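Engineer: Contents of protein24.txt (compact mmCIF, C-alpha atoms) are below:
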```txt
# COMPACT_ATOMS: atom_id res chain seq x y z
CA MET A 1 -239.22 -16.28 -60.75
CA ILE A 2 -240.54 -16.58 -64.32
CA GLU A 3 -241.39 -13.61 -66.52
CA VAL A 4 -243.06 -14.11 -69.89
CA LYS A 5 -243.48 -11.11 -72.19
CA ASN A 6 -245.44 -10.94 -75.45
CA LEU A 7 -245.02 -14.65 -76.19
CA THR A 8 -246.18 -15.48 -79.70
CA LYS A 9 -245.98 -18.71 -81.68
CA LYS A 10 -247.03 -19.01 -85.30
CA TYR A 11 -247.30 -22.16 -87.41
CA GLY A 12 -247.68 -21.01 -91.00
CA ASP A 13 -250.82 -18.89 -91.00
CA HIS A 14 -252.02 -20.24 -87.65
CA LEU A 15 -251.33 -18.32 -84.44
CA ALA A 16 -251.14 -20.86 -81.63
CA VAL A 17 -250.09 -18.33 -78.97
CA LYS A 18 -250.95 -14.65 -79.31
CA GLY A 19 -248.93 -12.16 -77.29
CA VAL A 20 -249.16 -13.93 -73.91
CA SER A 21 -247.57 -12.17 -70.93
CA PHE A 22 -247.54 -13.20 -67.26
CA THR A 23 -245.32 -13.44 -64.18
CA VAL A 24 -244.86 -16.49 -61.94
CA GLU A 25 -243.90 -15.74 -58.35
CA GLU A 26 -241.83 -18.10 -56.23
CA GLY A 27 -243.52 -20.47 -53.79
CA HIS A 28 -246.92 -20.87 -55.45
CA ILE A 29 -248.77 -23.55 -57.39
CA TYR A 30 -250.06 -22.09 -60.64
CA GLY A 31 -252.80 -23.62 -62.72
CA PHE A 32 -252.56 -23.03 -66.47
CA LEU A 33 -256.12 -23.70 -67.52
CA GLY A 34 -257.75 -23.83 -70.93
CA PRO A 35 -259.76 -25.95 -73.37
CA ASN A 36 -258.04 -28.58 -75.50
CA GLY A 37 -256.09 -26.83 -78.26
CA ALA A 38 -255.98 -23.51 -76.39
CA GLY A 39 -252.17 -23.22 -76.54
CA LYS A 40 -251.24 -24.60 -73.12
CA SER A 41 -248.71 -27.21 -74.25
CA THR A 42 -247.17 -24.83 -76.80
CA THR A 43 -246.64 -22.24 -74.08
CA MET A 44 -245.15 -24.84 -71.71
CA ASN A 45 -242.77 -26.07 -74.41
CA ILE A 46 -241.59 -22.53 -75.09
CA ILE A 47 -241.05 -21.77 -71.40
CA THR A 48 -238.96 -24.92 -70.98
CA GLY A 49 -236.89 -24.19 -74.08
CA CYS A 50 -238.17 -27.20 -76.02
CA LEU A 51 -239.74 -24.97 -78.66
CA ALA A 52 -238.68 -21.59 -80.02
CA ALA A 53 -241.13 -18.70 -79.93
CA THR A 54 -241.88 -16.62 -82.99
CA GLU A 55 -241.66 -13.55 -80.80
CA GLY A 56 -241.37 -12.66 -77.13
CA THR A 57 -239.07 -13.37 -74.20
CA VAL A 58 -238.96 -15.84 -71.31
CA THR A 59 -236.81 -15.11 -68.26
CA ILE A 60 -236.31 -17.72 -65.55
CA ASP A 61 -234.68 -16.62 -62.31
CA GLY A 62 -233.06 -13.76 -64.22
CA HIS A 63 -231.79 -15.97 -67.09
CA ASP A 64 -233.14 -15.52 -70.62
CA ILE A 65 -234.19 -18.92 -71.99
CA TYR A 66 -232.54 -18.16 -75.36
CA GLU A 67 -229.49 -16.12 -74.32
CA GLU A 68 -228.60 -18.25 -71.27
CA PRO A 69 -230.29 -21.58 -72.01
CA LEU A 70 -228.18 -23.79 -69.73
CA ALA A 71 -228.56 -21.56 -66.68
CA ALA A 72 -232.29 -21.09 -67.31
CA LYS A 73 -233.01 -24.78 -67.90
CA ARG A 74 -231.21 -25.86 -64.74
CA CYS A 75 -233.97 -24.06 -62.84
CA ILE A 76 -236.70 -26.18 -64.48
CA GLY A 77 -237.99 -29.72 -64.15
CA TYR A 78 -240.46 -30.62 -66.88
CA LEU A 79 -243.03 -33.38 -67.32
CA PRO A 80 -244.55 -33.18 -70.83
CA GLU A 81 -248.04 -34.49 -71.54
CA GLN A 82 -246.53 -37.75 -72.85
CA PRO A 83 -243.88 -38.77 -70.27
CA PRO A 84 -240.55 -39.49 -72.04
CA LEU A 85 -240.09 -42.97 -70.57
CA TYR A 86 -238.09 -45.99 -71.77
CA PHE A 87 -240.31 -48.98 -71.14
CA ASP A 88 -237.51 -51.56 -71.23
CA MET A 89 -235.85 -49.93 -68.19
CA THR A 90 -236.80 -50.09 -64.53
CA PRO A 91 -237.60 -46.79 -62.77
CA TYR A 92 -234.25 -46.95 -60.98
CA GLU A 93 -232.30 -47.55 -64.22
CA TYR A 94 -234.24 -44.85 -66.04
CA LEU A 95 -233.74 -42.24 -63.32
CA MET A 96 -230.01 -42.97 -63.13
CA PHE A 97 -229.86 -42.57 -66.92
CA VAL A 98 -231.70 -39.24 -66.72
CA ALA A 99 -229.42 -38.05 -63.92
CA GLU A 100 -226.35 -38.85 -66.03
CA ALA A 101 -227.88 -37.10 -69.05
CA LYS A 102 -228.50 -34.04 -66.87
CA GLY A 103 -224.82 -33.96 -65.97
CA ILE A 104 -225.19 -35.05 -62.34
CA TYR A 105 -222.11 -36.82 -60.99
CA TYR A 106 -222.55 -40.50 -60.13
CA GLU A 107 -222.17 -40.24 -56.35
CA LYS A 108 -224.65 -37.37 -56.16
CA ALA A 109 -226.99 -39.11 -58.61
CA LEU A 110 -227.23 -42.12 -56.26
CA LEU A 111 -228.50 -39.86 -53.47
CA LEU A 112 -230.83 -37.82 -55.68
CA VAL A 113 -232.40 -40.86 -57.35
CA ARG A 114 -233.01 -42.49 -53.99
CA GLY A 115 -234.60 -39.26 -52.77
CA VAL A 116 -237.01 -38.80 -55.71
CA ILE A 117 -237.98 -42.50 -55.60
CA GLU A 118 -238.96 -42.10 -51.95
CA ALA A 119 -240.73 -38.77 -52.57
CA THR A 120 -242.84 -40.23 -55.39
CA ARG A 121 -243.48 -43.46 -53.45
CA LEU A 122 -241.84 -45.66 -56.07
CA THR A 123 -239.69 -47.66 -53.63
CA ASP A 124 -241.67 -50.89 -54.06
CA TYR A 125 -241.70 -50.51 -57.85
CA GLN A 126 -238.20 -49.24 -58.61
CA ASN A 127 -236.97 -52.59 -59.97
CA ARG A 128 -239.99 -53.45 -62.13
CA LEU A 129 -239.95 -52.77 -65.85
CA ILE A 130 -241.67 -49.47 -66.61
CA ARG A 131 -243.79 -51.22 -69.25
CA ASN A 132 -245.41 -53.27 -66.47
CA LEU A 133 -246.36 -50.29 -64.31
CA SER A 134 -249.86 -48.79 -64.21
CA LYS A 135 -250.36 -45.41 -65.87
CA GLY A 136 -250.43 -43.73 -62.48
CA TYR A 137 -247.01 -45.10 -61.55
CA LYS A 138 -245.64 -44.22 -64.98
CA GLN A 139 -246.72 -40.65 -64.24
CA ARG A 140 -244.87 -40.87 -60.92
CA VAL A 141 -241.71 -41.91 -62.77
CA GLY A 142 -242.18 -38.92 -65.09
CA ILE A 143 -242.57 -36.57 -62.14
CA ALA A 144 -239.50 -38.13 -60.48
CA GLN A 145 -237.34 -37.36 -63.54
CA ALA A 146 -238.61 -33.76 -63.46
CA MET A 147 -237.51 -33.50 -59.81
CA LEU A 148 -233.95 -34.67 -60.48
CA GLY A 149 -231.37 -31.94 -60.11
CA ASP A 150 -233.47 -30.15 -57.45
CA PRO A 151 -234.94 -27.54 -59.86
CA ARG A 152 -236.69 -24.52 -58.34
CA VAL A 153 -239.59 -24.77 -60.81
CA ILE A 154 -241.57 -27.91 -61.68
CA ILE A 155 -243.73 -27.72 -64.83
CA LEU A 156 -246.34 -30.45 -65.30
CA ASP A 157 -248.35 -30.69 -68.52
CA GLU A 158 -251.67 -32.53 -67.99
CA PRO A 159 -250.20 -34.79 -65.25
CA THR A 160 -253.44 -36.64 -64.45
CA VAL A 161 -254.82 -37.23 -67.94
CA GLY A 162 -256.03 -40.82 -68.38
CA LEU A 163 -255.74 -41.75 -64.70
CA ASP A 164 -258.45 -43.40 -62.61
CA PRO A 165 -259.97 -41.42 -59.67
CA LYS A 166 -257.69 -42.99 -57.04
CA GLN A 167 -254.56 -42.29 -59.10
CA ILE A 168 -255.72 -38.71 -59.70
CA LEU A 169 -256.04 -38.10 -55.95
CA GLU A 170 -252.58 -39.58 -55.35
CA ILE A 171 -250.95 -37.41 -58.02
CA ARG A 172 -252.72 -34.32 -56.66
CA ASP A 173 -251.37 -35.08 -53.18
CA LEU A 174 -247.89 -35.41 -54.68
CA ILE A 175 -248.23 -32.05 -56.45
CA ARG A 176 -249.28 -30.39 -53.17
CA GLU A 177 -246.18 -31.83 -51.50
CA LEU A 178 -243.99 -30.48 -54.32
CA GLY A 179 -245.57 -27.06 -53.86
CA GLN A 180 -244.36 -26.86 -50.27
CA ASP A 181 -240.82 -25.96 -51.35
CA LYS A 182 -241.05 -25.60 -55.16
CA THR A 183 -242.80 -23.33 -57.60
CA VAL A 184 -245.18 -25.53 -59.60
CA ILE A 185 -246.95 -24.79 -62.89
CA LEU A 186 -249.75 -27.24 -63.64
CA SER A 187 -251.28 -27.27 -67.11
CA SER A 188 -254.80 -28.70 -67.33
CA HIS A 189 -258.16 -28.41 -69.08
CA ILE A 190 -260.00 -29.59 -65.94
CA LEU A 191 -261.21 -26.76 -63.69
CA GLN A 192 -261.77 -29.03 -60.67
CA GLU A 193 -258.15 -30.15 -60.79
CA VAL A 194 -256.85 -26.57 -60.76
CA GLN A 195 -259.22 -25.70 -57.90
CA ALA A 196 -258.05 -28.73 -55.92
CA VAL A 197 -254.29 -28.06 -55.93
CA CYS A 198 -253.52 -24.52 -57.15
CA ASP A 199 -253.53 -21.14 -55.42
CA HIS A 200 -253.38 -19.10 -58.65
CA VAL A 201 -254.97 -19.71 -62.04
CA MET A 202 -254.23 -18.42 -65.52
CA ILE A 203 -256.89 -19.09 -68.17
CA ILE A 204 -255.93 -19.30 -71.83
CA SER A 205 -258.23 -19.73 -74.82
CA ASN A 206 -257.41 -19.70 -78.54
CA GLY A 207 -253.86 -18.65 -77.69
CA VAL A 208 -254.94 -15.60 -75.65
CA LEU A 209 -254.49 -15.19 -71.88
CA VAL A 210 -257.99 -14.14 -70.78
CA ALA A 211 -257.58 -14.17 -66.98
CA SER A 212 -254.92 -14.37 -64.28
CA GLU A 213 -256.20 -14.43 -60.70
CA SER A 214 -255.66 -16.09 -57.36
CA ILE A 215 -258.12 -18.90 -56.66
CA ASP A 216 -259.62 -16.81 -53.83
CA ASN A 217 -260.18 -13.84 -56.13
CA LEU A 218 -261.85 -15.90 -58.85
CA ASP A 219 -265.11 -15.43 -56.98
CA SER A 220 -264.95 -11.75 -57.94
CA LEU A 221 -265.38 -12.76 -61.59
CA ILE A 222 -268.59 -14.68 -60.91
CA SER A 223 -271.81 -12.96 -61.92
CA PRO A 224 -273.36 -11.14 -58.90
CA THR A 225 -276.68 -12.87 -59.57
CA ASN A 226 -278.02 -16.41 -59.61
CA LYS A 227 -280.93 -17.59 -61.74
CA LEU A 228 -284.26 -18.95 -60.57
CA HIS A 229 -286.27 -20.77 -63.25
CA MET A 230 -290.00 -21.01 -62.49
CA SER A 231 -293.25 -22.32 -63.95
CA ILE A 232 -296.41 -20.68 -62.51
CA ARG A 233 -300.12 -20.77 -63.31
CA CYS A 234 -300.35 -17.02 -63.56
CA ASP A 235 -300.53 -14.17 -66.03
CA ALA A 236 -297.39 -12.14 -66.75
CA GLU A 237 -298.62 -8.83 -65.29
CA THR A 238 -299.66 -10.34 -61.95
CA ALA A 239 -296.38 -12.29 -61.63
CA GLU A 240 -294.30 -9.20 -62.35
CA GLN A 241 -296.17 -7.08 -59.78
CA ALA A 242 -295.83 -9.81 -57.14
CA LEU A 243 -292.22 -10.86 -57.70
CA LEU A 244 -290.21 -7.70 -58.43
CA PRO A 245 -290.79 -6.10 -54.97
CA ILE A 246 -289.39 -9.17 -53.17
CA ASP A 247 -285.97 -8.62 -51.55
CA GLY A 248 -283.23 -10.36 -53.53
CA VAL A 249 -285.08 -10.36 -56.87
CA GLU A 250 -283.03 -8.17 -59.22
CA ARG A 251 -285.07 -8.51 -62.38
CA ILE A 252 -287.10 -10.84 -64.55
CA SER A 253 -284.84 -11.74 -67.46
CA MET A 254 -287.19 -13.99 -69.45
CA MET A 255 -290.94 -14.56 -69.53
CA GLN A 256 -293.14 -16.59 -71.86
CA THR A 257 -296.43 -18.46 -71.67
CA ALA A 258 -297.25 -22.05 -72.55
CA GLY A 259 -301.00 -22.39 -72.34
CA ASP A 260 -302.03 -21.23 -68.84
CA VAL A 261 -298.50 -21.75 -67.46
CA LEU A 262 -296.05 -18.85 -67.28
CA GLU A 263 -292.37 -19.75 -67.73
CA LEU A 264 -289.99 -17.15 -66.31
CA THR A 265 -286.42 -16.69 -65.14
CA LEU A 266 -285.55 -14.43 -62.24
CA GLU A 267 -282.10 -13.02 -61.59
CA THR A 268 -281.55 -13.07 -57.84
CA ASN A 269 -278.83 -11.58 -55.66
CA ARG A 270 -276.15 -14.14 -54.74
CA GLU A 271 -276.22 -12.94 -51.13
CA ALA A 272 -279.95 -13.66 -50.77
CA ASP A 273 -282.25 -16.63 -51.31
CA PRO A 274 -285.78 -15.29 -51.99
CA ARG A 275 -287.44 -18.66 -52.65
CA ASP A 276 -289.42 -18.74 -49.39
CA ASP A 277 -290.77 -15.23 -49.96
CA ILE A 278 -291.65 -16.11 -53.57
CA PHE A 279 -293.55 -19.21 -52.43
CA PHE A 280 -295.63 -17.32 -49.86
CA ALA A 281 -296.28 -14.40 -52.24
CA MET A 282 -297.69 -16.69 -54.93
CA ALA A 283 -299.62 -18.76 -52.36
CA GLU A 284 -301.29 -15.60 -51.06
CA LEU A 285 -302.42 -14.83 -54.64
CA ARG A 286 -303.52 -18.47 -55.04
CA ARG A 287 -301.22 -18.81 -58.06
CA PRO A 288 -299.66 -22.30 -57.83
CA ILE A 289 -295.95 -22.79 -58.55
CA ILE A 290 -295.62 -25.82 -60.83
CA ALA A 291 -291.82 -25.95 -60.79
CA MET A 292 -288.89 -24.01 -59.36
CA ARG A 293 -285.22 -24.62 -60.13
CA TYR A 294 -282.35 -22.65 -58.60
CA GLU A 295 -279.18 -22.16 -60.65
CA GLU A 296 -276.14 -20.76 -58.84
CA SER A 297 -273.26 -19.05 -60.66
CA THR A 298 -270.10 -21.17 -60.36
CA LEU A 299 -266.44 -21.14 -61.35
CA GLU A 300 -267.45 -23.32 -64.28
CA ASP A 301 -269.57 -20.41 -65.49
CA ILE A 302 -266.51 -18.15 -65.32
CA PHE A 303 -264.47 -20.59 -67.34
CA LEU A 304 -267.14 -21.00 -70.01
CA ARG A 305 -267.74 -17.25 -70.19
CA LEU A 306 -264.05 -16.36 -70.46
CA THR A 307 -263.36 -18.98 -73.12
CA GLU A 308 -266.24 -17.98 -75.40
CA ASP A 309 -265.08 -16.73 -78.78
CA ASP A 310 -266.46 -13.23 -78.21
CA ALA A 311 -264.62 -12.84 -74.90
CA VAL A 312 -261.35 -14.11 -76.38
CA GLU A 313 -261.63 -11.77 -79.37
CA ALA A 314 -262.21 -8.81 -77.05
CA VAL A 315 -259.00 -9.59 -75.15
CA ALA A 316 -257.06 -10.25 -78.37
CA GLU A 317 -258.03 -6.88 -79.80
CA GLU A 318 -256.19 -5.22 -76.92
CA SER A 319 -252.99 -7.11 -77.71
CA ALA A 320 -250.33 -6.03 -80.15
CA GLU A 321 -250.62 -7.21 -83.75
CA ALA A 322 -249.20 -10.70 -84.32
CA PRO A 323 -245.58 -10.78 -85.62
CA GLU A 324 -244.26 -12.48 -88.72
CA ASP A 325 -243.34 -16.15 -88.62
CA GLY A 326 -240.00 -17.18 -87.20
CA GLY A 327 -237.85 -20.27 -86.97
CA GLU A 328 -238.36 -23.24 -84.70
CA ALA A 329 -235.87 -25.00 -82.49
CA TYR A 330 -236.29 -28.20 -80.54
CA THR A 331 -234.12 -29.50 -77.72
CA SER A 332 -233.85 -32.81 -75.95
CA MET A 333 -235.99 -33.42 -72.87
CA PHE A 334 -232.75 -33.71 -70.95
CA SER A 335 -231.66 -30.15 -71.84
CA THR A 336 -233.51 -28.87 -68.76
CA ALA A 337 -230.32 -29.25 -66.74
CA GLY A 338 -227.64 -28.97 -69.42
CA TYR A 339 -224.89 -31.41 -70.31
CA ARG A 340 -221.74 -31.71 -68.20
CA VAL A 341 -219.81 -32.17 -71.47
CA GLU A 342 -220.87 -28.70 -72.62
CA GLU A 343 -219.75 -27.24 -69.29
CA ASP A 344 -216.33 -28.89 -69.63
CA VAL A 345 -215.95 -27.55 -73.17
CA GLU A 346 -216.81 -24.02 -71.99
CA GLU A 347 -214.33 -24.27 -69.11
CA LYS A 348 -211.55 -25.45 -71.47
CA GLU A 349 -212.31 -22.60 -73.87
CA ASP A 350 -212.06 -20.10 -71.02
CA GLU A 351 -208.73 -21.59 -69.92
CA ALA A 352 -207.43 -21.34 -73.49
```
Can the structure from this file be put into structure tokens for me?

Structural biologist:
Amino acid sequence: MIEVKNLTKKYGDHLAVKGVSFTVEEGHIYGFLGPNGAGKSTTMNIITGCLAATEGTVTIDGHDIYEEPLAAKRCIGYLPEQPPLYFDMTPYEYLMFVAEAKGIYYEKALLLVRGVIEATRLTDYQNRLIRNLSKGYKQRVGIAQAMLGDPRVIILDEPTVGLDPKQILEIRDLIRELGQDKTVILSSHILQEVQAVCDHVMIISNGVLVASESIDNLDSLISPTNKLHMSIRCDAETAEQALLPIDGVERISMMQTAGDVLELTLETNREADPRDDIFFAMAELRRPIIAMRYEESTLEDIFLRLTEDDAVEAVAEESAEAPEDGGEAYTSMFSTAGYRVEEDVEEKEDEA
């Protein structure tokens, strides 16, 4: 559905996006995950044609975003991080305005606007001024404008930022509903949000794509061991001889003494929990355990590990050298569907 190859964006001497390549398949909800400033919004703006890349190509449903911009943008509905709303309009007025700007004929626009208002549960709020709506309902209006024109791909940039917990849950439910018959790309810096609604995740850091996996396969990136932090009244040699033979204990990764207390960290197999055996082994030696804390490897650990500078640099070294700077081009938010006026001009030129 979407194919991105060697996407690079340079601002002066700063590389915001560094040779990013990925493919988006139809019928999935993709999470585009990364820390603040990682290059997520820049990549989204390039994919939607709102920003020109320094180098690279973007193809949407077989249409190059630069060579066939109108055809490519008709496939996309886009909600930027700051929804492009007019606060002195009502949601109904605003959506009719957007429909007209997208080149949708009036009779069809009436049906489409009614449909997206119902889908985003704005019916009771469609005649209120947008300025008087809560942030959550403003986000709904933004999502509704992205849905106009029935695009095959919906791209949402940080759709739940600044919302309260109840609003976040409502927007997530709406995104899941969209994903039933649309391809959705969700940009976020919140891992829990991507886990909650997406079935595939792409992780970007410092402009480099460092991982692209299904949510189910992310577990394969987790360290095969957990950590068990312990404080024991015991000498190091006795503790090592007692603990290493226990099933599930892989190795002792850290050991130091503080007075008569031994502080140590065990790496344990994720498939086993050796805490009971450790307790009875130390009790048999009459070596009291002062404290024991179990630390499981999580998806948060993956995210932190993949977005460390060393990991990002290792991935970047495998990429092609960054290209020279190029020009920039911005388009209106309404260019995602193309203007009917431009179509008419093209048709008249063909007739001539």

Engineer: Tell me which of A:Met1, A:Ile204, A:Glu81, A:Glu118 sits closest to Lys18 of chain A, counting all atoms listed in the file.

Structural biologist: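 Checking each candidate against Lys18 of chain A, we get A:Ile204 as the closest.
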
Engineer: Would you compute the distance between atom CA of Leu15 of chain A and atom CA of Asn206 of chain A? Give it in Å to one decimal.

Structural biologist: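 We find that atom CA of Leu15 of chain A and atom CA of Asn206 of chain A lie 8.6 Å from each other.
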
Engineer: Considering only C-alpha atoms, can you say which of A:Ala242, A:Ile46, A:Leu122, A:Leu33 comes closest to Gly136 of chain A?

Structural biologist: A:Leu122

Engineer: By how many Å are atom CA of Leu218 of chain A and atom CA of Glu271 of chain A apart?

Structural biologist: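 We find that atom CA of Leu218 of chain A and atom CA of Glu271 of chain A lie 16.6 Å from each other.
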
Engineer: For Val153 of chain A, which residue out of A:Lys102, A:Arg114, A:Lys73, A:Arg131 is the nearest one, using only C-alpha atoms?

Structural biologist: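 The shortest atom-to-atom distance to Val153 of chain A comes from A:Lys73.
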
Engineer: With all atoms listed in the file as the basis for distance, which of A:Leu262, A:Ile290, A:Ala72, A:Leu7 is at the shortest distance from Ala53 of chain A?

Structural biologist: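 Between A:Leu262, A:Ile290, A:Ala72, A:Leu7, the residue approaching Ala53 of chain A most closely is A:Leu7.
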
Engineer: With distances taken over all atoms listed in the file, which residue among A:Cys50, A:Ile104, A:Leu79, A:Leu209 lies nearest Val4 of chain A?

Structural biologist: A:Leu209

Engineer: Report as a ChimeraX atom specification all protein, DNA and RNA residues lying within 10 Å of Gln195 of chain A, evaluated on only C-alpha atoms, omitting residues in the same chain fewer than 3 positions from it.

Structural biologist: /A:31,190-192,198-201,215-216,299

Engineer: Pick from A:Tyr137, A:Tyr294, A:Tyr11, A:Phe279: nearest to Glu170 of chain A, with all atoms listed in the file counted?

Structural biologist: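 Closest candidate: A:Tyr137.
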
Engineer: Could you list, as number ranges by chain, every residue within 7 Å of segment 178-182 of chain A, counting all atoms listed in the file and ignoring same-chain residues fewer than 5 positions away?

Structural biologist: A: 27-29, 152-154

Engineer: How many Å separate atom CA of Ser231 of chain A from atom CA of Glu263 of chain A?

Structural biologist: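 Going from atom CA of Ser231 of chain A over to atom CA of Glu263 of chain A, I get 4.7 Å.
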